[in-house]
>>> print(open('final26.cif').read())   # mmCIF, C-alpha atoms (C1' of nucleotides)
data_target
loop_
_atom_site.label_atom_id
_atom_site.label_comp_id
_atom_site.auth_asym_id
_atom_site.auth_seq_id
_atom_site.Cartn_x
_atom_site.Cartn_y
_atom_site.Cartn_z
CA MET V 1 -4.85 -20.07 -16.72
CA LEU V 2 -2.23 -17.42 -17.14
CA GLN V 3 -3.58 -15.33 -14.26
CA GLN V 4 -0.76 -15.44 -11.69
CA THR V 5 0.76 -18.51 -13.33
CA GLN V 6 3.85 -18.69 -15.51
CA VAL V 7 3.53 -19.59 -19.16
CA ASP V 8 5.74 -22.67 -18.93
CA THR V 9 3.63 -24.03 -16.10
CA VAL V 10 0.41 -23.41 -18.01
CA ILE V 11 1.31 -24.98 -21.35
CA PRO V 12 0.71 -28.67 -20.54
CA TYR V 13 -2.51 -27.80 -18.70
CA PHE V 14 -3.67 -25.71 -21.65
CA GLU V 15 -2.98 -28.53 -24.11
CA ARG V 16 -4.97 -31.07 -22.11
CA PHE V 17 -7.76 -28.62 -21.39
CA ILE V 18 -8.26 -27.50 -24.97
CA ARG V 19 -8.19 -31.11 -26.16
CA ALA V 20 -10.98 -32.01 -23.72
CA PHE V 21 -12.97 -28.82 -24.32
CA PRO V 22 -12.19 -27.60 -27.84
CA ASP V 23 -14.82 -24.86 -27.86
CA VAL V 24 -17.19 -22.88 -25.66
CA PRO V 25 -20.19 -25.20 -26.03
CA ALA V 26 -18.05 -28.22 -25.09
CA LEU V 27 -16.86 -26.49 -21.94
CA ALA V 28 -20.35 -25.27 -21.09
CA ALA V 29 -21.72 -28.79 -21.39
CA ALA V 30 -19.08 -30.32 -19.10
CA ASP V 31 -19.54 -31.16 -15.44
CA GLN V 32 -17.67 -28.87 -13.08
CA GLN V 33 -15.94 -31.97 -11.71
CA ALA V 34 -14.42 -32.70 -15.09
CA VAL V 35 -13.31 -29.09 -15.48
CA LEU V 36 -11.71 -29.01 -12.04
CA LYS V 37 -10.03 -32.36 -12.69
CA LEU V 38 -8.17 -30.86 -15.63
CA TRP V 39 -7.31 -27.82 -13.50
CA GLU V 40 -6.11 -30.00 -10.62
CA GLY V 41 -2.68 -28.86 -9.44
CA LEU V 42 -2.84 -25.49 -11.18
CA GLY V 43 -4.31 -23.69 -8.17
CA TYR V 44 -6.57 -20.64 -7.89
CA TYR V 45 -9.55 -22.85 -8.66
CA SER V 46 -11.94 -19.89 -8.87
CA ARG V 47 -10.39 -19.34 -12.30
CA ALA V 48 -11.73 -22.72 -13.43
CA ARG V 49 -15.11 -22.18 -11.82
CA ASN V 50 -15.39 -18.74 -13.44
CA LEU V 51 -14.25 -19.96 -16.85
CA HIS V 52 -16.85 -22.71 -16.72
CA LYS V 53 -19.53 -20.27 -15.57
CA THR V 54 -18.62 -17.86 -18.35
CA ALA V 55 -18.83 -20.60 -20.98
CA GLN V 56 -22.34 -21.47 -19.81
CA LEU V 57 -23.30 -17.81 -19.75
CA LEU V 58 -21.98 -17.26 -23.28
CA VAL V 59 -23.98 -20.21 -24.60
CA ALA V 60 -27.12 -19.02 -22.82
CA GLN V 61 -26.89 -15.33 -23.68
CA HIS V 62 -24.40 -14.64 -26.47
CA ASP V 63 -24.85 -17.57 -28.86
CA GLY V 64 -21.63 -19.16 -27.55
CA GLU V 65 -19.45 -16.22 -28.64
CA LEU V 66 -17.57 -13.57 -26.67
CA PRO V 67 -19.32 -10.20 -26.68
CA GLY V 68 -17.44 -7.67 -28.77
CA ASP V 69 -17.45 -4.68 -26.47
CA ILE V 70 -15.29 -3.88 -23.46
CA GLU V 71 -18.04 -3.30 -20.90
CA ALA V 72 -19.75 -6.61 -21.69
CA LEU V 73 -16.43 -8.46 -21.48
CA ARG V 74 -15.69 -6.88 -18.12
CA ARG V 75 -18.96 -8.24 -16.70
CA LEU V 76 -18.07 -11.89 -17.43
CA PRO V 77 -16.94 -13.99 -14.45
CA GLY V 78 -13.15 -14.00 -14.29
CA PHE V 79 -12.76 -10.96 -16.53
CA GLY V 80 -11.00 -8.34 -14.41
CA PRO V 81 -9.05 -5.32 -15.67
CA TYR V 82 -6.19 -7.38 -17.10
CA THR V 83 -8.13 -10.10 -18.93
CA THR V 84 -10.62 -7.58 -20.29
CA ALA V 85 -7.79 -5.51 -21.73
CA ALA V 86 -5.94 -8.57 -23.06
CA VAL V 87 -8.96 -10.06 -24.80
CA GLY V 88 -10.21 -6.63 -25.87
CA SER V 89 -6.92 -5.72 -27.52
CA ILE V 90 -5.76 -9.09 -28.86
CA ALA V 91 -9.09 -10.55 -29.97
CA PHE V 92 -10.97 -7.37 -30.87
CA GLY V 93 -8.31 -4.72 -31.51
CA TYR V 94 -9.41 -2.19 -28.89
CA PRO V 95 -6.63 0.22 -27.86
CA VAL V 96 -6.71 -0.75 -24.17
CA PRO V 97 -3.34 -1.25 -22.47
CA VAL V 98 -2.83 -4.31 -20.30
CA VAL V 99 -1.17 -3.94 -16.92
CA ASP V 100 0.12 -7.26 -15.66
CA GLY V 101 2.98 -7.97 -13.27
CA ASN V 102 5.49 -7.51 -16.08
CA VAL V 103 4.14 -4.18 -17.34
CA LEU V 104 3.97 -2.93 -13.76
CA ARG V 105 7.68 -3.62 -13.29
CA VAL V 106 8.71 -2.27 -16.70
CA PHE V 107 7.04 1.08 -16.25
CA CYS V 108 7.88 1.56 -12.59
CA ARG V 109 11.46 1.37 -13.80
CA PHE V 110 10.93 3.26 -17.03
CA TRP V 111 9.20 6.20 -15.35
CA GLY V 112 11.03 5.92 -12.02
CA ILE V 113 7.83 5.30 -10.05
CA ALA V 114 8.51 4.41 -6.40
CA THR V 115 4.90 3.62 -5.42
CA ASP V 116 4.49 0.27 -3.69
CA ILE V 117 3.33 -2.07 -6.44
CA ARG V 118 0.92 -3.69 -3.99
CA GLN V 119 -1.13 -0.49 -4.17
CA PRO V 120 -4.18 -1.30 -6.33
CA ARG V 121 -4.41 2.28 -7.60
CA LEU V 122 -1.04 1.98 -9.30
CA ARG V 123 -2.48 -0.42 -11.86
CA THR V 124 -5.22 1.96 -12.95
CA GLU V 125 -2.79 4.87 -12.97
CA LEU V 126 -0.44 3.00 -15.28
CA GLN V 127 -3.27 1.98 -17.58
CA THR V 128 -4.26 5.63 -17.88
CA ARG V 129 -0.68 6.74 -18.49
CA LEU V 130 -0.16 4.07 -21.14
CA THR V 131 -3.33 4.77 -23.10
CA PRO V 132 -1.91 7.65 -25.18
CA PHE V 133 0.95 5.42 -26.37
CA ILE V 134 -1.04 2.40 -27.45
CA ALA V 135 -2.69 4.38 -30.24
CA ALA V 136 0.65 4.49 -32.06
CA ALA V 137 0.74 0.72 -32.65
CA PRO V 138 -1.57 -2.21 -33.22
CA PRO V 139 -2.95 -2.75 -29.70
CA SER V 140 -2.35 -6.48 -29.80
CA ALA V 141 1.32 -6.06 -30.70
CA PHE V 142 1.83 -3.21 -28.26
CA ASN V 143 0.45 -5.14 -25.29
CA GLN V 144 2.22 -8.37 -26.05
CA ALA V 145 5.48 -6.50 -26.65
CA MET V 146 5.27 -4.76 -23.27
CA MET V 147 4.60 -8.02 -21.44
CA GLU V 148 7.37 -9.74 -23.37
CA VAL V 149 9.91 -7.04 -22.53
CA GLY V 150 9.05 -7.56 -18.89
CA ALA V 151 9.30 -11.33 -19.04
CA LEU V 152 12.52 -11.60 -21.07
CA VAL V 153 14.43 -8.33 -20.65
CA CYS V 154 13.21 -6.23 -17.74
CA ARG V 155 13.33 -9.22 -15.41
CA PRO V 156 12.83 -8.95 -11.63
CA GLN V 157 16.45 -9.86 -10.93
CA ALA V 158 19.36 -9.03 -13.20
CA PRO V 159 17.46 -7.13 -15.89
CA ARG V 160 19.18 -7.23 -19.28
CA CYS V 161 19.34 -3.50 -19.77
CA ASN V 162 21.86 -3.75 -22.60
CA ALA V 163 19.33 -5.70 -24.65
CA CYS V 164 16.46 -3.37 -23.77
CA PRO V 165 14.76 -1.26 -26.44
CA LEU V 166 13.61 1.17 -23.73
CA GLN V 167 17.06 1.74 -22.23
CA ALA V 168 17.68 5.21 -23.67
CA ASP V 169 14.65 6.74 -21.91
CA CYS V 170 14.52 4.54 -18.81
CA VAL V 171 14.71 6.56 -15.59
CA ALA V 172 15.80 3.57 -13.49
CA PHE V 173 18.61 2.78 -15.91
CA GLN V 174 19.77 6.39 -16.17
CA THR V 175 19.83 6.79 -12.40
CA GLY V 176 21.18 3.31 -11.60
CA ARG V 177 18.08 2.27 -9.67
CA THR V 178 16.97 -0.83 -11.57
CA ALA V 179 17.65 -2.87 -8.43
CA GLU V 180 15.52 -0.63 -6.20
CA LEU V 181 12.54 -0.40 -8.55
CA PRO V 182 9.83 -1.45 -8.44
CA VAL V 183 9.18 -0.98 -4.73
CA LYS V 184 7.32 -3.80 -3.07
CA SER V 185 6.36 -3.81 0.60
CA ALA V 186 7.19 -6.89 2.64
CA ARG V 187 4.55 -9.53 2.99
CA LYS V 188 3.25 -10.29 6.44
CA PRO V 189 4.53 -13.53 7.99
CA VAL V 190 2.12 -16.38 7.38
CA PRO V 191 0.65 -18.48 10.20
CA HIS V 192 1.36 -22.19 10.43
CA HIS V 193 -1.56 -24.50 11.22
CA GLN V 194 -1.64 -28.10 12.37
CA ILE V 195 -4.29 -29.97 10.38
CA VAL V 196 -5.51 -33.50 10.88
CA ALA V 197 -7.39 -35.48 8.24
CA GLY V 198 -9.14 -38.81 8.49
CA ILE V 199 -9.18 -41.52 5.87
CA VAL V 200 -12.34 -43.08 7.22
CA TRP V 201 -12.82 -46.61 5.92
CA LYS V 202 -16.09 -48.47 5.67
CA ASP V 203 -16.51 -51.54 3.47
CA GLU V 204 -13.41 -50.94 1.31
CA LYS V 205 -14.37 -47.31 0.73
CA PHE V 206 -13.34 -44.08 2.41
CA LEU V 207 -15.14 -40.79 2.85
CA LEU V 208 -14.57 -37.68 0.74
CA ALA V 209 -16.25 -34.29 1.11
CA ARG V 210 -16.74 -31.77 -1.70
CA ARG V 211 -15.86 -28.30 -0.45
CA ARG V 212 -18.41 -25.55 -0.85
CA GLN V 213 -18.13 -23.35 -3.93
CA ASP V 214 -17.33 -20.17 -2.03
CA GLN V 215 -14.65 -21.74 0.17
CA MET V 216 -10.98 -22.03 -0.49
CA LEU V 217 -10.46 -25.02 -2.83
CA GLY V 218 -14.18 -24.80 -3.59
CA GLY V 219 -15.53 -27.74 -5.58
CA LEU V 220 -12.55 -29.95 -4.80
CA TRP V 221 -12.80 -33.15 -2.77
CA VAL V 222 -10.93 -33.54 0.50
CA PHE V 223 -10.53 -36.00 3.34
CA PRO V 224 -12.60 -34.78 6.31
CA GLY V 225 -10.69 -33.19 9.17
CA GLY V 226 -9.75 -29.82 10.54
CA LYS V 227 -7.49 -27.59 12.55
CA SER V 228 -6.03 -28.77 15.86
CA LYS V 229 -6.48 -26.57 18.88
CA PRO V 230 -3.26 -25.79 20.76
CA GLY V 231 -2.21 -28.80 22.82
CA GLU V 232 -5.06 -30.94 21.59
CA ALA V 233 -4.42 -34.62 20.88
CA PRO V 234 -4.78 -35.42 17.16
CA ALA V 235 -7.31 -38.20 17.77
CA THR V 236 -9.48 -35.79 19.76
CA THR V 237 -9.39 -33.20 17.01
CA LEU V 238 -10.20 -35.78 14.40
CA ARG V 239 -13.17 -37.32 16.21
CA ARG V 240 -14.56 -33.83 16.88
CA GLU V 241 -14.02 -32.48 13.36
CA VAL V 242 -15.27 -35.56 11.54
CA HIS V 243 -18.40 -35.65 13.66
CA ALA V 244 -19.04 -31.92 13.21
CA LYS V 245 -18.56 -32.13 9.43
CA THR V 246 -20.13 -35.50 8.59
CA GLY V 247 -22.06 -36.69 11.63
CA LEU V 248 -20.00 -39.89 11.82
CA ARG V 249 -18.44 -41.49 14.86
CA ILE V 250 -15.06 -42.97 14.05
CA ARG V 251 -12.19 -44.95 15.51
CA VAL V 252 -8.84 -43.24 14.95
CA GLY V 253 -5.93 -45.48 14.01
CA PHE V 254 -2.33 -44.69 13.10
CA PRO V 255 -1.00 -41.90 10.87
CA TYR V 256 -0.41 -42.80 7.23
CA CYS V 257 1.81 -39.79 6.68
CA ARG V 258 2.62 -36.18 7.51
CA VAL V 259 2.60 -33.59 4.74
CA GLU V 260 3.96 -30.03 4.73
CA HIS V 261 2.18 -27.68 2.38
CA GLY V 262 2.29 -23.94 1.76
CA TYR V 263 -0.64 -21.83 0.59
CA THR V 264 -0.57 -18.16 -0.25
CA HIS V 265 -1.45 -16.91 3.21
CA PHE V 266 -0.71 -19.79 5.59
CA LYS V 267 1.23 -23.01 5.93
CA ILE V 268 -0.03 -26.35 7.15
CA THR V 269 1.32 -29.55 8.54
CA LEU V 270 -1.25 -32.13 7.56
CA THR V 271 -1.27 -35.46 9.39
CA ALA V 272 -3.50 -38.10 7.86
CA TYR V 273 -4.81 -40.91 10.05
CA ARG V 274 -6.23 -44.23 9.10
CA CYS V 275 -9.71 -44.35 10.64
CA GLU V 276 -12.63 -46.71 10.76
CA TRP V 277 -16.30 -45.94 10.66
CA ARG V 278 -18.11 -46.74 13.91
CA SER V 279 -21.62 -45.35 13.55
CA GLY V 280 -23.79 -42.81 11.86
CA GLU V 281 -24.80 -41.99 8.31
CA ALA V 282 -22.51 -39.62 6.42
CA LYS V 283 -24.08 -36.19 5.95
CA ALA V 284 -22.77 -33.07 4.20
CA LEU V 285 -23.03 -30.85 7.27
CA THR V 286 -20.39 -28.30 6.22
CA SER V 287 -19.71 -29.36 2.63
CA ASP V 288 -21.74 -29.58 -0.58
CA GLU V 289 -21.62 -33.37 -0.69
CA VAL V 290 -20.02 -36.36 1.00
CA ARG V 291 -19.40 -39.66 -0.75
CA TRP V 292 -17.89 -43.08 -0.03
CA VAL V 293 -15.21 -43.70 -2.64
CA SER V 294 -12.86 -46.60 -3.38
CA LEU V 295 -9.23 -46.36 -4.43
CA GLN V 296 -10.30 -47.55 -7.88
CA GLU V 297 -12.85 -44.75 -8.27
CA ILE V 298 -10.88 -41.83 -6.94
CA GLY V 299 -9.15 -41.08 -10.23
CA THR V 300 -11.94 -38.83 -11.48
CA TYR V 301 -12.16 -36.75 -8.30
CA PRO V 302 -10.26 -33.44 -8.28
CA LEU V 303 -8.20 -33.17 -5.09
CA PRO V 304 -5.97 -30.36 -3.87
CA LYS V 305 -2.23 -30.96 -3.85
CA ALA V 306 -1.90 -31.67 -0.12
CA ASN V 307 -4.61 -34.34 -0.32
CA HIS V 308 -2.88 -35.90 -3.32
CA LYS V 309 0.27 -36.33 -1.30
CA VAL V 310 -1.81 -38.07 1.37
CA LEU V 311 -3.48 -40.27 -1.21
CA GLU V 312 -0.11 -41.56 -2.40
CA ALA V 313 0.75 -42.68 1.13
CA VAL V 314 -2.64 -44.32 1.52
CA ARG V 315 -2.18 -46.19 -1.77
CA ASP V 316 1.27 -47.40 -0.78
CA TYR V 317 0.16 -48.70 2.59
CA GLU V 318 -3.07 -50.33 1.47
CA ARG V 319 -1.35 -51.98 -1.49
CA MET V 320 1.27 -53.38 0.87
CA GLN V 321 -1.46 -54.78 3.10
CA GLY V 322 -3.30 -56.24 0.16
CA ASN V 323 -6.33 -54.16 1.04
CA ALA V 324 -8.84 -52.52 -1.23
CA GLY V 325 -6.38 -51.34 -3.80
"C1'" DA Q 1 -7.90 -0.53 0.06
"C1'" DA Q 2 -6.88 -4.86 1.97
"C1'" DG Q 3 -7.12 -9.87 2.13
"C1'" DA Q 4 -8.11 -14.19 0.28
"C1'" DC Q 5 -7.01 -17.21 -3.15
"C1'" DG Q 6 -2.65 -22.44 -5.06
"C1'" DG Q 7 0.99 -24.06 -6.84
"C1'" DG Q 8 5.32 -24.25 -9.20
"C1'" DG Q 9 9.78 -22.21 -10.77
"C1'" DT Q 10 13.94 -19.80 -9.55
"C1'" DG Q 11 18.16 -18.05 -7.25
"C1'" DC U 1 14.14 -19.86 2.58
"C1'" DA U 2 12.24 -15.67 -0.40
"C1'" DC U 3 10.27 -13.78 -4.37
"C1'" DC U 4 7.70 -14.03 -8.61
"C1'" DC U 5 4.10 -15.27 -11.86
"C1'" DA U 6 -0.02 -12.81 -18.77
"C1'" DG U 7 -4.95 -11.20 -11.54
"C1'" DT U 8 -9.82 -11.52 -9.68
"C1'" DC U 9 -13.19 -11.31 -6.21
"C1'" DT U 10 -15.01 -10.18 -1.79
"C1'" DT U 11 -15.07 -7.30 2.21
#
>>> encode(input="final26.cif", output="structure tokens")
Amino acid sequence: MLQQTQVDTVIPYFERFIRAFPDVPALAAADQQAVLKLWEGLGYYSRARNLHKTAQLLVAQHDGELPGDIEALRRLPGFGPYTTAAVGSIAFGYPVPVVDGNVLRVFCRFWGIATDIRQPRLRTELQTRLTPFIAAAPPSAFNQAMMEVGALVCRPQAPRCNACPLQADCVAFQTGRTAELPVKSARKPVPHHQIVAGIVWKDEKFLLARRRQDQMLGGLWVFPGGKSKPGEAPATTLRREVHAKTGLRIRVGFPYCRVEHGYTHFKITLTAYRCEWRSGEAKALTSDEVRWVSLQEIGTYPLPKANHKVLEAVRDYERMQGNAG
DNA sequence: AAGACGGGGTG
DNA sequence: CACCCAGTCTT
């Protein structure tokens, strides 16, 4: 959960998650839907899919326990360089330094390194350079101390150098370059897409599609729809996309709402239309599964944030009309 | 070595 | 708005 997500954001998710799945066998036995539901809103859903996969793998191959050597840890789904080092050092005491976003910043400043921190090789270089030092302390304490210094003292903006235990030997501090280091190249501008989604009603239920595992938002349920072509009328897009993805013919009604949402590498304006089924049997043509769901049943389905915003508008309207909810 | 991959918190 | 976050996986 802590991969690319701040501790304060994670805490409530962690509490709920660990209450539902107190140990590895409990997680392994759960349905992916239930796991994703507890991850809903946290983002980077591959973390949840990998954690679940790893739990099942541990039960099947390692008696439900984590393997105790670094190479075996590294092979587990979701265990990259950081998590392998964190678990290896904190759980098993191996002297392997962790390099997270905090450590990267601390030592770019400390050693005056001006390499773009987007460069992947910088992480391995720092891990190598830190290895001689970790032997001087309990690895668990060393790693957590370095991350903590980054989070609380050597902050991105306005670092608290006067409270820093590394100040005396810090190149950035000595040379007055704490504001210039670390160096980070500008991110490319993100495209903005117009998306239309259909809430397709049939007999008090609407259609949801479960996105394929290897897609963005894989395993989550979404309203069918897709990207508008330039200048294309929304109803045209929607009829085309819904037919291509589910095989249904629909009647497009009015928009329930418009939602702005930002992802890591693009932005969307999502317009959600009330639609009615006309003909055809729903098929999972581009998804793993399609299902007719009522407003009463939807609570157990994990949805991405943008679809949740849509759902609220749907609820409000249908409640007002005294329909199906 | 690049991109893809979510969402929230902060100034 | 922009930047950041206890990164990982696929090309």
>>> residues_around(input="final26.cif", residues="DA4 (chain Q)", least_positions_apart="2", cutoff="9 Å", atoms="all atoms listed in the file", output="PyMOL selection string")
(chain V and resi 216+264-265) or (chain U and resi 9-10)
>>> write_last_selection(input="final26.cif", atoms="C-alpha atoms (C1' of nucleotides)", output="short mmCIF file (atom, residue, chain, number, x, y, z; two decimals), keeping the file's coordinate frame")
data_model
loop_
_atom_site.label_atom_id
_atom_site.label_comp_id
_atom_site.auth_asym_id
_atom_site.auth_seq_id
_atom_site.Cartn_x
_atom_site.Cartn_y
_atom_site.Cartn_z
CA MET V 216 -10.98 -22.03 -0.49
CA THR V 264 -0.57 -18.16 -0.25
CA HIS V 265 -1.45 -16.91 3.21
"C1'" DC U 9 -13.19 -11.31 -6.21
"C1'" DT U 10 -15.01 -10.18 -1.79
#
>>> residues_around(input="final26.cif", residues="region 166-168 of chain V", least_positions_apart="5", cutoff="10 Å", atoms="only C-alpha atoms (C1' of nucleotides)", output="VMD selection string")
chain V and resid 106 to 107 110 149 154 160 to 161 173 to 174
>>> residues_near_point(input="final26.cif", point="(9.0, -22.7, -9.1)", cutoff="12 Å", atoms="all atoms listed in the file", output="list in words")
Thr5, Gln6, Val7, Asp8 and Thr9 of chain V; DG7, DG8, DG9, DT10 and DG11 of chain Q; DA2, DC3, DC4 and DC5 of chain U
>>> axis_aligned_box(input="final26.cif", around="region 3-8 of chain U", padding_each_side="4 Å", output="JSON")
{"center_x": 0.2, "center_y": -13.2, "center_z": -11.6, "size_x": 28.1, "size_y": 12.1, "size_z": 22.4}
>>> atom_distance(input="final26.cif", atom1="CA of Val103 (chain V)", atom2="CA of Trp39 (chain V)")
26.5 Å
>>> interface_residues(input="final26.cif", of="chain V", to="chain U", cutoff="7 Å", atoms="only C-alpha atoms (C1' of nucleotides)", output="PyMOL selection string")
chain V and resi 2-6+78+80+82+100
>>> atom_distance(input="final26.cif", atom1="C1' of DG6 (chain Q)", atom2="CA of Ala151 (chain V)")
21.5 Å
>>> closest_atom_pairs(input="final26.cif", of="chain V", to="chain Q", cutoff="6 Å", atoms="all atoms listed in the file", output="Markdown table")
| residue | atom | partner | partner_atom | distance |
| --- | --- | --- | --- | --- |
| V:Leu42 | CA | Q:DG7 | C1' | 6.0 |
| V:Gly43 | CA | Q:DG6 | C1' | 3.7 |
| V:Tyr44 | CA | Q:DG6 | C1' | 5.2 |
>>> closest_residue(input="final26.cif", among="V:Ala20, V:Met146, V:Leu122, V:Leu270", to="Ala86 (chain V)", atoms="only C-alpha atoms")
V:Met146
>>> atom_distance(input="final26.cif", atom1="CA of Leu51 (chain V)", atom2="CA of Glu15 (chain V)")
15.9 Å
>>> resolve_selection(input="final26.cif", expression="the PyMOL selection byres ((chain V and resi 132-143) around 10)", output="number ranges by chain")
V: 85-100, 103, 127-131, 144-148
>>> resolve_selection(input="final26.cif", expression="the PyMOL selection byres ((chain V and resi 179) around 9)", output="PyMOL selection string")
chain V and resi 156-159+172+176-178+180-182
>>> write_last_selection(input="final26.cif", atoms="C-alpha atoms", output="JSON list (two decimals), in the frame of the given file")
[["chain", "number", "residue", "atom", "x", "y", "z"],
["V", 156, "PRO", "CA", 12.83, -8.95, -11.63],
["V", 157, "GLN", "CA", 16.45, -9.86, -10.93],
["V", 158, "ALA", "CA", 19.36, -9.03, -13.20],
["V", 159, "PRO", "CA", 17.46, -7.13, -15.89],
["V", 172, "ALA", "CA", 15.80, 3.57, -13.49],
["V", 176, "GLY", "CA", 21.18, 3.31, -11.60],
["V", 177, "ARG", "CA", 18.08, 2.27, -9.67],
["V", 178, "THR", "CA", 16.97, -0.83, -11.57],
["V", 180, "GLU", "CA", 15.52, -0.63, -6.20],
["V", 181, "LEU", "CA", 12.54, -0.40, -8.55],
["V", 182, "PRO", "CA", 9.83, -1.45, -8.44]]
>>> residues_around(input="final26.cif", residues="region 236-242 of chain V", least_positions_apart="5", cutoff="8 Å", atoms="only C-alpha atoms (C1' of nucleotides)", output="compact mmCIF listing (two decimals) with C-alpha atoms, in the frame of the given file")
# COMPACT_ATOMS: atom_id res chain seq x y z
CA VAL V 196 -5.51 -33.50 10.88
CA ALA V 197 -7.39 -35.48 8.24
CA GLY V 198 -9.14 -38.81 8.49
CA PRO V 224 -12.60 -34.78 6.31
CA GLY V 225 -10.69 -33.19 9.17
CA GLY V 226 -9.75 -29.82 10.54
CA LYS V 227 -7.49 -27.59 12.55
CA SER V 228 -6.03 -28.77 15.86
CA LYS V 229 -6.48 -26.57 18.88
CA GLY V 247 -22.06 -36.69 11.63
CA LEU V 248 -20.00 -39.89 11.82
CA ARG V 249 -18.44 -41.49 14.86
CA ILE V 250 -15.06 -42.97 14.05
CA ARG V 251 -12.19 -44.95 15.51
CA VAL V 252 -8.84 -43.24 14.95
>>> build_atoms(input="final26.cif", residues="region 316-321 of chain V", atoms="all heavy atoms", output="compact mmCIF listing (two decimals), in the frame of the given file")
# COMPACT_ATOMS: atom_id res chain seq x y z
N ASP V 316 0.09 -46.57 -1.08
CA ASP V 316 1.27 -47.40 -0.78
C ASP V 316 0.96 -48.37 0.35
O ASP V 316 1.22 -49.56 0.24
CB ASP V 316 2.46 -46.52 -0.39
CG ASP V 316 3.03 -45.79 -1.59
OD1 ASP V 316 2.66 -46.15 -2.73
OD2 ASP V 316 3.84 -44.86 -1.39
N TYR V 317 0.41 -47.85 1.43
CA TYR V 317 0.16 -48.70 2.59
C TYR V 317 -0.88 -49.78 2.28
O TYR V 317 -0.66 -50.96 2.57
CB TYR V 317 -0.31 -47.86 3.77
CG TYR V 317 -0.66 -48.74 4.95
CD1 TYR V 317 0.32 -49.21 5.82
CD2 TYR V 317 -1.98 -49.16 5.17
CE1 TYR V 317 0.01 -50.04 6.87
CE2 TYR V 317 -2.30 -50.00 6.21
CZ TYR V 317 -1.30 -50.44 7.07
OH TYR V 317 -1.61 -51.28 8.10
N GLU V 318 -1.99 -49.38 1.68
CA GLU V 318 -3.07 -50.33 1.47
C GLU V 318 -2.67 -51.40 0.45
O GLU V 318 -3.09 -52.55 0.56
CB GLU V 318 -4.35 -49.62 1.03
CG GLU V 318 -4.88 -48.59 2.04
CD GLU V 318 -5.30 -49.23 3.37
OE1 GLU V 318 -5.59 -50.44 3.40
OE2 GLU V 318 -5.33 -48.50 4.39
N ARG V 319 -1.84 -51.01 -0.51
CA ARG V 319 -1.35 -51.98 -1.49
C ARG V 319 -0.48 -53.03 -0.78
O ARG V 319 -0.59 -54.22 -1.00
CB ARG V 319 -0.56 -51.27 -2.58
CG ARG V 319 -0.20 -52.16 -3.76
CD ARG V 319 0.17 -51.35 -4.99
NE ARG V 319 0.97 -50.19 -4.66
CZ ARG V 319 0.76 -48.99 -5.20
NH1 ARG V 319 -0.21 -48.79 -6.04
NH2 ARG V 319 1.54 -47.98 -4.87
N MET V 320 0.38 -52.50 0.12
CA MET V 320 1.27 -53.38 0.87
C MET V 320 0.48 -54.39 1.70
O MET V 320 0.87 -55.54 1.87
CB MET V 320 2.14 -52.53 1.78
CG MET V 320 3.55 -53.02 1.96
SD MET V 320 4.59 -51.65 2.47
CE MET V 320 3.74 -51.09 3.93
N GLN V 321 -0.63 -53.92 2.25
CA GLN V 321 -1.46 -54.78 3.10
C GLN V 321 -2.37 -55.69 2.29
O GLN V 321 -3.08 -56.52 2.85
CB GLN V 321 -2.35 -53.92 4.01
CG GLN V 321 -1.57 -53.07 4.98
CD GLN V 321 -0.71 -53.89 5.92
OE1 GLN V 321 -1.21 -54.78 6.59
NE2 GLN V 321 0.58 -53.62 5.95
